[in-house]
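S.K.: Handing over structure_22.pdb, PDB, C-alpha atoms (C1' of nucleotides).
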ATOM      1  CA  MET A   1      16.564 -20.718 -14.719  1.00  0.00           C
ATOM      2  CA  ASP A   2      16.581 -23.812 -12.594  1.00  0.00           C
ATOM      3  CA  PHE A   3      14.756 -21.800  -9.971  1.00  0.00           C
ATOM      4  CA  TYR A   4      11.518 -22.300 -11.848  1.00  0.00           C
ATOM      5  CA  GLN A   5      12.061 -26.011 -12.142  1.00  0.00           C
ATOM      6  CA  ARG A   6      12.509 -26.104  -8.409  1.00  0.00           C
ATOM      7  CA  VAL A   7       9.317 -24.167  -7.905  1.00  0.00           C
ATOM      8  CA  ALA A   8       7.540 -26.762  -9.984  1.00  0.00           C
ATOM      9  CA  SER A   9       9.053 -29.600  -7.981  1.00  0.00           C
ATOM     10  CA  VAL A  10       8.182 -28.007  -4.677  1.00  0.00           C
ATOM     11  CA  CYS A  11       4.603 -27.352  -5.711  1.00  0.00           C
ATOM     12  CA  ARG A  12       4.174 -30.959  -6.621  1.00  0.00           C
ATOM     13  CA  GLN A  13       5.211 -31.873  -3.066  1.00  0.00           C
ATOM     14  CA  ILE A  14       2.484 -29.867  -1.414  1.00  0.00           C
ATOM     15  CA  PRO A  15       0.277 -32.501   0.208  1.00  0.00           C
ATOM     16  CA  TYR A  16      -3.312 -32.959  -0.827  1.00  0.00           C
ATOM     17  CA  GLY A  17      -5.562 -30.795   1.266  1.00  0.00           C
ATOM     18  CA  LYS A  18      -2.787 -28.424   2.321  1.00  0.00           C
ATOM     19  CA  VAL A  19      -1.598 -25.042   1.108  1.00  0.00           C
ATOM     20  CA  ALA A  20       1.805 -23.343   1.028  1.00  0.00           C
ATOM     21  CA  THR A  21       2.796 -19.693   0.749  1.00  0.00           C
ATOM     22  CA  TYR A  22       4.908 -18.057  -1.917  1.00  0.00           C
ATOM     23  CA  GLY A  23       7.572 -17.169   0.600  1.00  0.00           C
ATOM     24  CA  GLN A  24       7.667 -20.701   1.880  1.00  0.00           C
ATOM     25  CA  ILE A  25       8.185 -22.065  -1.598  1.00  0.00           C
ATOM     26  CA  ALA A  26      10.872 -19.513  -2.311  1.00  0.00           C
ATOM     27  CA  LEU A  27      12.587 -20.623   0.855  1.00  0.00           C
ATOM     28  CA  LEU A  28      12.453 -24.264  -0.159  1.00  0.00           C
ATOM     29  CA  CYS A  29      13.989 -23.315  -3.481  1.00  0.00           C
ATOM     30  CA  GLN A  30      16.813 -21.746  -1.518  1.00  0.00           C
ATOM     31  CA  LYS A  31      15.953 -18.284  -2.770  1.00  0.00           C
ATOM     32  CA  PRO A  32      14.362 -16.682   0.325  1.00  0.00           C
ATOM     33  CA  ARG A  33      13.776 -13.324  -1.378  1.00  0.00           C
ATOM     34  CA  ASN A  34      12.096 -14.671  -4.461  1.00  0.00           C
ATOM     35  CA  ALA A  35       8.508 -14.897  -3.291  1.00  0.00           C
ATOM     36  CA  ARG A  36       7.393 -12.648  -6.138  1.00  0.00           C
ATOM     37  CA  GLN A  37       9.212 -14.779  -8.635  1.00  0.00           C
ATOM     38  CA  VAL A  38       7.321 -17.791  -7.375  1.00  0.00           C
ATOM     39  CA  GLY A  39       4.114 -16.023  -8.253  1.00  0.00           C
ATOM     40  CA  TYR A  40       5.535 -15.041 -11.580  1.00  0.00           C
ATOM     41  CA  ALA A  41       6.591 -18.615 -12.189  1.00  0.00           C
ATOM     42  CA  LEU A  42       3.146 -19.988 -11.505  1.00  0.00           C
ATOM     43  CA  ASN A  43       1.601 -17.328 -13.665  1.00  0.00           C
ATOM     44  CA  LYS A  44       3.780 -17.363 -16.756  1.00  0.00           C
ATOM     45  CA  LYS A  45       6.668 -19.731 -16.615  1.00  0.00           C
ATOM     46  CA  ILE A  46       5.337 -23.021 -15.441  1.00  0.00           C
ATOM     47  CA  THR A  47       2.918 -25.064 -17.450  1.00  0.00           C
ATOM     48  CA  GLY A  48       1.639 -28.533 -16.858  1.00  0.00           C
ATOM     49  CA  ASP A  49       0.415 -30.477 -13.887  1.00  0.00           C
ATOM     50  CA  ILE A  50       1.224 -28.040 -11.137  1.00  0.00           C
ATOM     51  CA  PRO A  51      -1.267 -27.779  -8.266  1.00  0.00           C
ATOM     52  CA  ALA A  52      -0.998 -24.006  -8.211  1.00  0.00           C
ATOM     53  CA  HIS A  53      -4.288 -23.753  -6.388  1.00  0.00           C
ATOM     54  CA  ARG A  54      -2.485 -24.881  -3.248  1.00  0.00           C
ATOM     55  CA  VAL A  55      -0.314 -21.776  -3.273  1.00  0.00           C
ATOM     56  CA  VAL A  56      -1.530 -18.678  -1.450  1.00  0.00           C
ATOM     57  CA  ASN A  57       0.045 -15.571   0.005  1.00  0.00           C
ATOM     58  CA  HIS A  58       1.362 -15.343   3.554  1.00  0.00           C
ATOM     59  CA  GLN A  59      -2.054 -14.385   4.908  1.00  0.00           C
ATOM     60  CA  GLY A  60      -3.673 -17.428   3.407  1.00  0.00           C
ATOM     61  CA  ILE A  61      -5.481 -15.368   0.802  1.00  0.00           C
ATOM     62  CA  LEU A  62      -6.003 -16.656  -2.712  1.00  0.00           C
ATOM     63  CA  SER A  63      -4.266 -13.952  -4.666  1.00  0.00           C
ATOM     64  CA  GLY A  64      -6.155 -15.111  -7.686  1.00  0.00           C
ATOM     65  CA  ALA A  65      -5.239 -12.641 -10.404  1.00  0.00           C
ATOM     66  CA  ALA A  66      -7.388 -14.503 -12.878  1.00  0.00           C
ATOM     67  CA  ALA A  67      -4.904 -17.303 -12.665  1.00  0.00           C
ATOM     68  CA  PHE A  68      -7.427 -19.912 -13.562  1.00  0.00           C
ATOM     69  CA  LYS A  69      -9.903 -19.983 -16.374  1.00  0.00           C
ATOM     70  CA  ASN A  70     -12.528 -18.410 -14.219  1.00  0.00           C
ATOM     71  CA  GLU A  71     -12.161 -17.016 -10.779  1.00  0.00           C
ATOM     72  CA  GLN A  72     -13.581 -19.231  -8.072  1.00  0.00           C
ATOM     73  CA  GLU A  73     -11.740 -22.042  -9.791  1.00  0.00           C
ATOM     74  CA  GLN A  74      -8.943 -22.028  -7.245  1.00  0.00           C
ATOM     75  CA  LYS A  75     -11.413 -21.862  -4.394  1.00  0.00           C
ATOM     76  CA  ARG A  76     -13.462 -24.664  -5.868  1.00  0.00           C
ATOM     77  CA  ARG A  77     -10.464 -26.948  -6.208  1.00  0.00           C
ATOM     78  CA  LEU A  78      -9.374 -26.298  -2.647  1.00  0.00           C
ATOM     79  CA  GLU A  79     -12.766 -27.000  -1.199  1.00  0.00           C
ATOM     80  CA  GLU A  80     -12.817 -30.132  -3.262  1.00  0.00           C
ATOM     81  CA  GLU A  81      -9.821 -31.199  -1.205  1.00  0.00           C
ATOM     82  CA  GLY A  82     -11.496 -30.297   2.047  1.00  0.00           C
ATOM     83  CA  VAL A  83      -9.855 -26.903   2.492  1.00  0.00           C
ATOM     84  CA  LYS A  84     -12.302 -24.341   3.760  1.00  0.00           C
ATOM     85  CA  VAL A  85     -12.150 -20.982   2.006  1.00  0.00           C
ATOM     86  CA  ASP A  86     -14.120 -18.076   3.431  1.00  0.00           C
ATOM     87  CA  GLN A  87     -15.895 -15.452   1.389  1.00  0.00           C
ATOM     88  CA  GLY A  88     -12.830 -13.238   1.578  1.00  0.00           C
ATOM     89  CA  GLN A  89     -10.970 -15.923  -0.368  1.00  0.00           C
ATOM     90  CA  GLN A  90      -8.933 -16.770   2.682  1.00  0.00           C
ATOM     91  CA  VAL A  91      -7.900 -20.112   4.186  1.00  0.00           C
ATOM     92  CA  ASP A  92      -6.721 -20.766   7.736  1.00  0.00           C
ATOM     93  CA  LEU A  93      -3.022 -21.406   7.525  1.00  0.00           C
ATOM     94  CA  ARG A  94      -2.958 -22.660  11.084  1.00  0.00           C
ATOM     95  CA  VAL A  95      -5.138 -25.516   9.943  1.00  0.00           C
ATOM     96  CA  TYR A  96      -4.281 -26.073   6.294  1.00  0.00           C
ATOM     97  CA  GLY A  97      -0.812 -24.591   6.029  1.00  0.00           C
ATOM     98  CA  TRP A  98       1.849 -27.025   4.905  1.00  0.00           C
ATOM     99  CA  LYS A  99       4.229 -27.468   7.782  1.00  0.00           C
ATOM    100  CA  ASN A 100       7.478 -28.478   6.228  1.00  0.00           C
ATOM    101  CA  THR A 101       9.168 -31.373   7.889  1.00  0.00           C
ATOM    102  CA  LEU A 102      12.751 -32.437   7.696  1.00  0.00           C
ATOM    103  CA  ASP A 103      11.585 -35.293   5.517  1.00  0.00           C
ATOM    104  CA  ASP A 104      10.101 -32.846   3.054  1.00  0.00           C
ATOM    105  CA  ALA A 105      13.339 -30.909   2.891  1.00  0.00           C
ATOM    106  CA  LEU A 106      15.401 -34.030   2.322  1.00  0.00           C
ATOM    107  CA  LEU A 107      13.002 -35.293  -0.288  1.00  0.00           C
ATOM    108  CA  LEU A 108      13.187 -32.016  -2.164  1.00  0.00           C
ATOM    109  CA  GLU A 109      16.943 -31.931  -1.996  1.00  0.00           C
ATOM    110  CA  ALA A 110      17.119 -35.419  -3.436  1.00  0.00           C
ATOM    111  CA  LEU A 111      14.621 -34.435  -6.075  1.00  0.00           C
ATOM    112  CA  PHE A 112      16.637 -31.391  -7.133  1.00  0.00           C
ATOM    113  CA  LYS A 113      19.764 -33.451  -7.284  1.00  0.00           C
ATOM    114  CA  SER A 114      18.201 -36.178  -9.362  1.00  0.00           C
ATOM    115  CA  LYS A 115      17.026 -33.576 -11.826  1.00  0.00           C
ATOM    116  CA  GLY A 116      20.286 -31.715 -11.793  1.00  0.00           C
ATOM    117  CA  ILE A 117      18.730 -28.454 -10.677  1.00  0.00           C
TER
ATOM    118  C1'  DA B 118      21.843   0.272 -19.577  1.00  0.00           C
ATOM    119  C1'  DT B 119      17.432   2.197 -17.447  1.00  0.00           C
ATOM    120  C1'  DA B 120      12.734   1.904 -16.076  1.00  0.00           C
ATOM    121  C1'  DC B 121       8.702  -0.332 -14.820  1.00  0.00           C
ATOM    122  C1'  DT B 122       6.061  -4.401 -13.388  1.00  0.00           C
ATOM    123  C1'  DG B 123       4.196  -7.733 -10.189  1.00  0.00           C
ATOM    124  C1'  DA B 124      -0.053 -14.783  -7.965  1.00  0.00           C
ATOM    125  C1'  DC B 125       5.146 -11.158  -2.337  1.00  0.00           C
ATOM    126  C1'  DT B 126       6.637  -9.883   2.631  1.00  0.00           C
ATOM    127  C1'  DA B 127       8.292  -7.868   6.709  1.00  0.00           C
ATOM    128  C1'  DA B 128       8.490  -3.769   9.094  1.00  0.00           C
ATOM    129  C1'  DT B 129       6.247   0.451  10.667  1.00  0.00           C
ATOM    130  C1'  DC B 130       2.729   3.446  11.903  1.00  0.00           C
TER
ATOM    131  C1'  DT C 131      -5.457  -5.288  14.919  1.00  0.00           C
ATOM    132  C1'  DG C 132      -5.436  -3.169  10.541  1.00  0.00           C
ATOM    133  C1'  DA C 133      -3.495  -0.164   6.964  1.00  0.00           C
ATOM    134  C1'  DT C 134       0.784   1.817   4.668  1.00  0.00           C
ATOM    135  C1'  DT C 135       5.413   1.806   3.219  1.00  0.00           C
ATOM    136  C1'  DA C 136       9.440   0.206   1.752  1.00  0.00           C
ATOM    137  C1'  DG C 137      12.364  -3.467   0.174  1.00  0.00           C
ATOM    138  C1'  DC C 138      12.623  -7.249  -2.989  1.00  0.00           C
ATOM    139  C1'  DC C 139      14.458  -9.234  -7.717  1.00  0.00           C
ATOM    140  C1'  DA C 140      13.692 -11.726 -12.226  1.00  0.00           C
ATOM    141  C1'  DG C 141      11.469 -10.470 -16.489  1.00  0.00           C
ATOM    142  C1'  DT C 142      10.151  -7.361 -20.016  1.00  0.00           C
ATOM    143  C1'  DA C 143      10.251  -3.258 -22.891  1.00  0.00           C
TER
END
Could you quickly redo this structure as structure tokens?
M.R.:
Amino acid sequence: MDFYQRVASVCRQIPYGKVATYGQIALLCQKPRNARQVGYALNKKITGDIPAHRVVNHQGILSGAAAFKNEQEQKRRLEEEGVKVDQGQQVDLRVYGWKNTLDDALLLEALFKSKGI
DNA sequence: ATACTGACTAATC
DNA sequence: TGATTAGCCAGTA
């Protein structure tokens, strides 16, 4: 169950103006095979102030799935942060992808520990 | 316990 | 390079 709490923590660490992939988040939660569960988490499990709009699939496409009130919502929020989204609902991961640093990893580890998850 | 589902991915063709 | 297939695994019924 703590997996979902980790997902929430990781999402909150995604920098403004950047995006991360489901697989990447799963990896950071130390569950490399749980990419789908990350999506599930964002969809059903997690509520609250999670910047889920910064999470896309490994191609940089906004999977969408009516995740937000109205579609286009995710795209709108990203562009608000300066992330360009093309008409195919895709962002350029080479430009906006969150490149995890060692600092990020350490920060997350400390965060998990402090929360006991 | 079994079967089906899905905001996913990596491998193959 | 682009499309298909084939694993994936927690949740739900």
S.K.: Using only C-alpha atoms (C1' of nucleotides), what does the table of chain A residues within 10 Å of chain B look like, with each row giving the shortest atom pair and its distance in Å to one decimal, sorted by chain and ascending number, as a tab-separated table?
M.R.:
residue	atom	partner	partner_atom	distance
A:Thr21	CA	B:DC125	C1'	9.4
A:Tyr22	CA	B:DC125	C1'	6.9
A:Gly23	CA	B:DC125	C1'	7.1
A:Arg33	CA	B:DT126	C1'	8.9
A:Asn34	CA	B:DC125	C1'	8.1
A:Ala35	CA	B:DC125	C1'	5.1
A:Arg36	CA	B:DC125	C1'	4.7
A:Gln37	CA	B:DC125	C1'	8.3
A:Val38	CA	B:DA124	C1'	8.0
A:Gly39	CA	B:DA124	C1'	4.4
A:Tyr40	CA	B:DA124	C1'	6.7
A:Ala41	CA	B:DA124	C1'	8.8
A:Leu42	CA	B:DA124	C1'	7.1
A:Asn43	CA	B:DA124	C1'	6.5
A:Lys44	CA	B:DA124	C1'	9.9
A:Ala52	CA	B:DA124	C1'	9.3
A:Val55	CA	B:DA124	C1'	8.4
A:Val56	CA	B:DA124	C1'	7.7
A:Asn57	CA	B:DC125	C1'	7.1
A:His58	CA	B:DT126	C1'	7.6
A:Leu62	CA	B:DA124	C1'	8.2
A:Ser63	CA	B:DA124	C1'	5.4
A:Gly64	CA	B:DA124	C1'	6.1
A:Ala65	CA	B:DA124	C1'	6.1
A:Ala66	CA	B:DA124	C1'	8.8
A:Ala67	CA	B:DA124	C1'	7.2
S.K.: List the residues matched by the PyMOL selection byres ((chain A and resi 87-99) around 8) in the displayed structure as a PyMOL selection string, ordered by chain and then by residue number.
M.R.: chain A and resi 14-15+17-20+59-62+75+83-86+100-101
S.K.: Residues of chain C within 7 Å of chain A, counting all atoms listed in the file, what are they? List them as a PyMOL selection string.
M.R.: chain C and resi 138-140
S.K.: Calculate how many Å separate atom CA of Gln72 of chain A from atom CA of Leu28 of chain A, rounding to one decimal.
M.R.: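 Between atom CA of Gln72 of chain A and atom CA of Leu28 of chain A the gap works out to 27.7 Å.
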S.K.: Find the distance between atom CA of Gln5 of chain A and atom C1' of DA136 of chain C and write it in Å to one decimal.
M.R.: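 Calculated distance between atom CA of Gln5 of chain A and atom C1' of DA136 of chain C is 29.8 Å.
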S.K.: Between atom CA of Arg6 of chain A and atom CA of Lys113 of chain A, what is the spacing in Å?
M.R.: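 Distance reported for this atom pair: 10.4 Å.
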